[in-house]
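Trainee: What follows is final-v4.txt, made up of compact mmCIF, C-alpha atoms:
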```txt
# COMPACT_ATOMS: atom_id res chain seq x y z
CA MET O 1433 19.71 4.63 -19.11
CA ALA O 1434 15.94 5.02 -19.69
CA LYS O 1435 15.80 1.71 -21.56
CA ASN O 1436 17.60 0.01 -18.67
CA ILE O 1437 15.06 1.45 -16.19
CA LYS O 1438 12.19 0.25 -18.38
CA SER O 1439 13.73 -3.23 -18.49
CA ILE O 1440 13.96 -3.30 -14.68
CA LEU O 1441 10.34 -2.14 -14.34
CA ASP O 1442 9.23 -4.86 -16.78
CA ARG O 1443 11.01 -7.48 -14.69
CA ILE O 1444 9.35 -6.14 -11.53
CA SER O 1445 5.96 -6.38 -13.25
CA GLY O 1446 6.73 -9.99 -14.20
CA LEU O 1447 7.67 -10.83 -10.62
CA GLN O 1448 4.40 -9.30 -9.40
CA GLY O 1449 2.58 -11.67 -11.73
CA ASP O 1450 4.53 -14.60 -10.30
CA LEU O 1451 3.65 -13.44 -6.78
CA GLU O 1452 -0.07 -13.35 -7.61
CA THR O 1453 0.16 -16.89 -8.96
CA ALA O 1454 1.91 -18.06 -5.78
CA VAL O 1455 -0.75 -16.37 -3.62
CA SER O 1456 -3.50 -18.14 -5.56
CA GLU O 1457 -1.78 -21.47 -4.96
CA ARG O 1458 -1.59 -20.76 -1.21
CA ALA O 1459 -5.29 -19.85 -1.21
CA GLU O 1460 -6.10 -23.27 -2.59
CA LYS O 1461 -3.85 -24.94 -0.03
CA PHE O 1462 -5.55 -23.19 2.90
CA ARG O 1463 -9.00 -23.59 1.36
CA TYR O 1464 -10.32 -20.11 0.94
CA SER O 1465 -11.59 -18.00 -1.92
CA TYR O 1466 -11.52 -14.26 -2.44
CA LYS O 1467 -14.21 -12.67 -4.56
CA ASP O 1468 -15.83 -9.23 -4.60
CA ARG O 1469 -13.49 -8.16 -1.78
CA LYS O 1470 -14.82 -10.94 0.46
CA VAL O 1471 -12.98 -13.92 1.94
CA ARG O 1472 -14.76 -17.25 2.27
CA PHE O 1473 -13.23 -20.26 4.02
CA ARG O 1474 -14.49 -23.77 3.55
CA GLU O 1475 -16.13 -25.23 6.67
CA GLU O 1476 -13.38 -27.81 7.23
CA ALA O 1477 -10.75 -25.06 7.01
CA LEU O 1478 -12.46 -23.04 9.76
CA LYS O 1479 -12.62 -26.06 12.04
CA TRP O 1480 -8.95 -26.79 11.40
CA GLN O 1481 -7.99 -23.17 12.21
CA GLN O 1482 -9.92 -23.17 15.49
CA GLY O 1483 -7.68 -25.96 16.73
CA PHE O 1484 -4.78 -23.48 16.81
CA LYS O 1485 -6.63 -20.64 18.54
CA THR O 1486 -5.12 -19.18 21.71
CA GLY O 1487 -7.73 -18.27 24.33
CA LEU O 1488 -8.16 -14.61 25.20
CA TRP O 1489 -7.20 -14.95 28.88
CA ARG O 1490 -4.12 -17.00 28.07
CA TYR O 1491 -3.13 -14.48 25.41
CA VAL O 1492 -3.53 -11.46 27.70
CA SER O 1493 -1.95 -13.06 30.77
CA GLY O 1494 1.03 -14.13 28.69
CA ALA O 1495 1.75 -10.57 27.58
CA GLY O 1496 4.59 -8.76 29.30
CA ILE O 1497 3.89 -5.79 31.57
CA LEU O 1498 5.61 -3.42 29.13
CA THR O 1499 3.34 -4.64 26.35
CA VAL O 1500 0.29 -3.78 28.46
CA ILE O 1501 1.71 -0.37 29.39
CA THR O 1502 2.54 0.62 25.81
CA ALA O 1503 -0.76 -0.59 24.32
CA PRO O 1504 -2.57 2.73 24.96
CA VAL O 1505 0.25 4.56 23.18
CA ILE O 1506 -0.20 2.36 20.12
CA TYR O 1507 -3.97 2.67 20.05
CA GLY O 1508 -3.80 6.39 20.83
CA LEU O 1509 -2.54 6.93 17.29
CA ILE O 1510 -6.05 6.21 16.00
CA ILE O 1511 -6.90 9.89 16.56
CA PRO O 1512 -4.16 11.36 14.31
CA PHE O 1513 -4.75 8.50 11.85
CA VAL O 1514 -8.40 9.45 11.43
CA ILE O 1515 -7.55 13.16 11.15
CA LEU O 1516 -4.91 12.37 8.51
CA ASP O 1517 -7.34 10.09 6.68
CA ILE O 1518 -10.00 12.78 6.47
CA ALA O 1519 -7.49 15.49 5.51
CA VAL O 1520 -5.99 13.49 2.64
CA VAL O 1521 -9.40 12.39 1.33
CA VAL O 1522 -10.52 16.05 1.29
CA TYR O 1523 -7.23 17.20 -0.26
CA GLN O 1524 -7.48 14.67 -3.06
CA ALA O 1525 -11.17 15.41 -3.68
CA ILE O 1526 -10.50 19.15 -4.03
CA CYS O 1527 -7.09 19.32 -5.71
CA PHE O 1528 -6.73 16.28 -7.96
CA PRO O 1529 -9.63 17.22 -10.27
CA VAL O 1530 -8.07 20.68 -10.69
CA TYR O 1531 -4.71 19.17 -11.71
CA GLY O 1532 -6.31 16.38 -13.74
CA ILE O 1533 -4.55 13.74 -11.61
CA ARG O 1534 -6.21 10.34 -11.39
CA LYS O 1535 -7.61 9.86 -7.88
CA VAL O 1536 -6.16 7.15 -5.65
CA LYS O 1537 -8.74 4.51 -4.74
CA ARG O 1538 -8.61 4.34 -0.96
CA SER O 1539 -10.11 0.83 -0.79
CA ASP O 1540 -7.20 -0.54 -2.83
CA PHE O 1541 -4.89 0.26 0.07
CA ILE O 1542 -6.95 -0.07 3.25
CA VAL O 1543 -7.83 -3.75 3.42
CA ILE O 1544 -9.51 -5.24 6.50
CA ASP O 1545 -9.78 -9.02 6.15
CA ARG O 1546 -7.66 -10.73 8.81
CA HIS O 1547 -10.57 -10.81 11.28
CA HIS O 1548 -12.01 -13.70 9.23
CA LEU O 1549 -9.24 -15.99 10.50
CA ALA O 1550 -10.70 -18.46 12.99
CA TYR O 1551 -7.36 -19.10 14.74
CA LEU O 1552 -7.25 -15.53 16.08
CA ASN O 1553 -8.97 -14.54 19.32
CA VAL O 1554 -10.99 -11.34 19.60
CA LEU O 1555 -8.05 -9.19 20.76
CA GLN O 1556 -5.79 -10.49 18.00
CA LYS O 1557 -8.52 -9.71 15.48
CA LEU O 1558 -8.83 -6.19 16.86
CA ASN O 1559 -5.06 -5.74 16.58
CA CYS O 1560 -5.16 -6.96 12.98
CA VAL O 1561 -8.00 -4.61 12.07
CA TYR O 1562 -6.02 -1.72 13.55
CA CYS O 1563 -2.81 -2.68 11.74
CA GLY O 1564 -4.68 -3.17 8.47
CA TYR O 1565 -6.16 0.31 8.80
CA GLY O 1566 -2.98 2.05 9.99
CA ASN O 1567 -0.60 0.55 7.44
CA GLY O 1568 -3.17 0.71 4.65
CA LEU O 1569 -3.76 4.37 5.45
CA MET O 1570 -0.03 5.11 5.29
CA ALA O 1571 0.18 3.38 1.90
CA PHE O 1572 -2.85 5.34 0.66
CA VAL O 1573 -1.39 8.64 1.87
CA SER O 1574 1.97 7.75 0.34
CA GLU O 1575 0.40 7.15 -3.07
CA VAL O 1576 -1.54 10.43 -2.94
CA ALA O 1577 1.68 12.23 -2.02
CA ALA O 1578 3.60 10.33 -4.72
CA ARG O 1579 1.20 11.40 -7.46
CA THR O 1580 1.41 14.96 -6.19
CA GLU O 1581 5.20 14.81 -6.32
CA ALA O 1582 5.11 13.28 -9.80
CA TYR O 1583 2.97 16.19 -10.95
CA TRP O 1584 4.82 19.06 -9.31
CA CYS O 1585 8.42 17.95 -8.70
CA PRO O 1586 9.38 14.75 -10.55
CA ILE O 1587 13.13 14.95 -9.97
CA LYS O 1588 15.23 12.17 -8.48
CA HIS O 1589 17.27 12.96 -5.38
CA ALA O 1590 21.04 13.08 -5.39
CA SER O 1591 21.05 10.93 -2.26
CA LYS O 1592 20.22 7.24 -2.26
CA LEU O 1593 16.78 6.55 -0.78
CA ALA O 1594 16.05 3.66 1.55
CA ALA O 1595 12.74 3.17 -0.26
CA TYR O 1596 10.79 4.92 -2.98
CA HIS O 1597 7.34 4.86 -4.56
CA GLN O 1598 6.40 3.39 -7.94
CA HIS O 1599 6.53 6.75 -9.74
CA TYR O 1600 10.09 7.58 -8.67
CA PRO O 1601 11.96 5.60 -11.38
CA HIS O 1602 10.21 7.74 -14.02
CA PHE O 1603 11.42 11.01 -12.50
CA ALA O 1604 13.96 13.26 -14.20
CA ASP O 1605 17.60 12.66 -13.39
CA TYR O 1606 19.09 14.94 -10.77
CA GLY O 1607 21.00 17.75 -12.48
CA ASP O 1608 19.66 17.05 -16.01
CA ALA O 1609 18.60 20.61 -16.81
CA GLU O 1610 18.43 19.92 -20.55
CA HIS O 1611 15.58 17.40 -20.35
CA PHE O 1612 13.77 18.62 -17.23
CA ASP O 1613 10.81 20.30 -18.98
CA GLU O 1614 10.32 17.25 -21.18
CA ASP O 1615 10.45 14.86 -18.22
CA TRP O 1616 8.18 17.09 -16.14
CA LYS O 1617 5.48 17.08 -18.84
CA ARG O 1618 5.87 13.31 -19.27
CA ASN O 1619 5.38 12.70 -15.54
CA MET O 1620 2.37 15.00 -15.46
CA ALA O 1621 0.84 12.98 -18.28
CA ARG O 1622 1.54 9.70 -16.44
CA VAL O 1623 -0.35 10.67 -13.29
CA ARG O 1624 -3.17 12.05 -15.39
CA GLY O 1625 -3.49 8.68 -17.10
CA GLU O 1626 -2.67 10.15 -20.51
CA GLU O 1627 -0.61 8.53 -23.24
CA THR O 1628 3.05 9.29 -22.64
CA PRO O 1629 5.90 9.44 -25.14
CA GLU O 1630 8.73 6.98 -24.85
CA SER O 1631 11.35 7.99 -22.32
CA LYS O 1632 14.40 9.64 -23.73
CA SER O 1633 17.50 7.51 -24.09
CA ASP O 1634 20.98 8.67 -23.27
```
Will you turn the file into structure tokens for me?
Mentor:
Amino acid sequence: MAKNIKSILDRISGLQGDLETAVSERAEKFRYSYKDRKVRFREEALKWQQGFKTGLWRYVSGAGILTVITAPVIYGLIIPFVILDIAVVVYQAICFPVYGIRKVKRSDFIVIDRHHLAYLNVLQKLNCVYCGYGNGLMAFVSEVAARTEAYWCPIKHASKLAAYHQHYPHFADYGDAEHFDEDWKRNMARVRGEETPESKSD
């Protein structure tokens, strides 16, 4: 079973490589480069994009009344987002060094770059900045929580999950009391960045 899981993970890794290649090809097509966490469009690309830009007034006036009414609810989440952000950063800074867990790099998850697109108006850019922060924050928090789970309780659930984090396939099988201690130590080592023994095979 463990060998089968490793094979699946290897295939996923290969597909991620294919995805990165495809993204690079699209970057060339749309004439931009990405270096040192900065996006740079060629001048002709920016001019081409501006031809598709929707004016701010037209964009706002075309929005439905329910969209306008619910907008404050959406943006109101910025307060709990910021509180959560600060709490998780503090939690990781205090606890992860004690456990020896590798810290999650926040900037790998919270990416703000869509505002460079010339075909977006100022409100669309603001929306994209907000979505980049909100979704990036959730991904960051999820990874911090995932490493915590991998350290303290790396056991698969009996129920099927709709989605799971990257550490989950390495967790101990539900009900496998015989190998739990071994799998627990192996998962601890993984999140610490230590060399790990090969997974047990059935």
Trainee: With distances taken over only C-alpha atoms, which of O:Gly1449, O:Gly1625, O:Phe1473, O:Glu1575 is nearest to Gln1524 in chain O?
Mentor: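 Smallest distance to Gln1524 in chain O is found for O:Glu1575.
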Trainee: Excluding His1547 in chain O and its own-chain neighbours fewer than 4 positions away, which residues fall within 12 Å of it when counting all atoms listed in the file? Please give them as a PyMOL selection string.
Mentor: chain O and resi 1470-1472+1543+1551-1564
Trainee: What are the centre and the three edge lengths of an axis-aligned box that wraps all atoms of range 1544-1563 of chain O in the file, given that 4 Å is added to every side, written as JSON and rounded to one decimal in Å?
Mentor:
```
{"center_x": -7.4, "center_y": -10.4, "center_z": 13.5, "size_x": 17.2, "size_y": 25.4, "size_z": 22.6}
```
Trainee: Expressed in Å to a single decimal, how great is the separation between CA of Arg1538 in chain O and CA of Phe1572 in chain O?
Mentor: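 Straight-line distance from CA of Arg1538 in chain O to CA of Phe1572 in chain O works out to 6.1 Å.
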Trainee: Could the residues of range 1481-1593 of chain O that have an atom at most 12 Å from range 1610-1620 of chain O be listed as a Markdown table, each with its closest atom pair and the distance in Å to one decimal, counting all atoms listed in the file and ordered by chain and ascending residue number?
Mentor:
```
| residue | atom | partner | partner_atom | distance |
| --- | --- | --- | --- | --- |
| O:Phe1528 | CA | O:Met1620 | CA | 11.9 |
| O:Tyr1531 | CA | O:Met1620 | CA | 9.0 |
| O:Gly1532 | CA | O:Met1620 | CA | 9.0 |
| O:Ile1533 | CA | O:Met1620 | CA | 8.0 |
| O:Arg1534 | CA | O:Met1620 | CA | 10.6 |
| O:Ala1578 | CA | O:Asn1619 | CA | 11.2 |
| O:Arg1579 | CA | O:Met1620 | CA | 8.9 |
| O:Thr1580 | CA | O:Met1620 | CA | 9.3 |
| O:Glu1581 | CA | O:Asn1619 | CA | 9.5 |
| O:Ala1582 | CA | O:Asn1619 | CA | 5.8 |
| O:Tyr1583 | CA | O:Met1620 | CA | 4.7 |
| O:Trp1584 | CA | O:Met1620 | CA | 7.8 |
| O:Cys1585 | CA | O:Trp1616 | CA | 7.5 |
| O:Pro1586 | CA | O:Trp1616 | CA | 6.2 |
| O:Ile1587 | CA | O:Phe1612 | CA | 8.2 |
| O:Lys1588 | CA | O:Phe1612 | CA | 11.0 |
```
Trainee: Can you measure CA of Pro1601 in chain O to CA of Pro1529 in chain O for me? One decimal in Å is fine.
Mentor: 24.5 Å
Trainee: Between O:Leu1451, O:Leu1593, O:Ala1477, O:Ser1574, which one has atoms that come closest to Val1536 in chain O, using only C-alpha atoms?
Mentor: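 Nearest candidate to Val1536 in chain O out of O:Leu1451, O:Leu1593, O:Ala1477, O:Ser1574: O:Ser1574.
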Trainee: How many Å separate CA of Leu1498 in chain O from CA of Gly1566 in chain O?
Mentor: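 Result for CA of Leu1498 in chain O versus CA of Gly1566 in chain O: 21.7 Å, one decimal.
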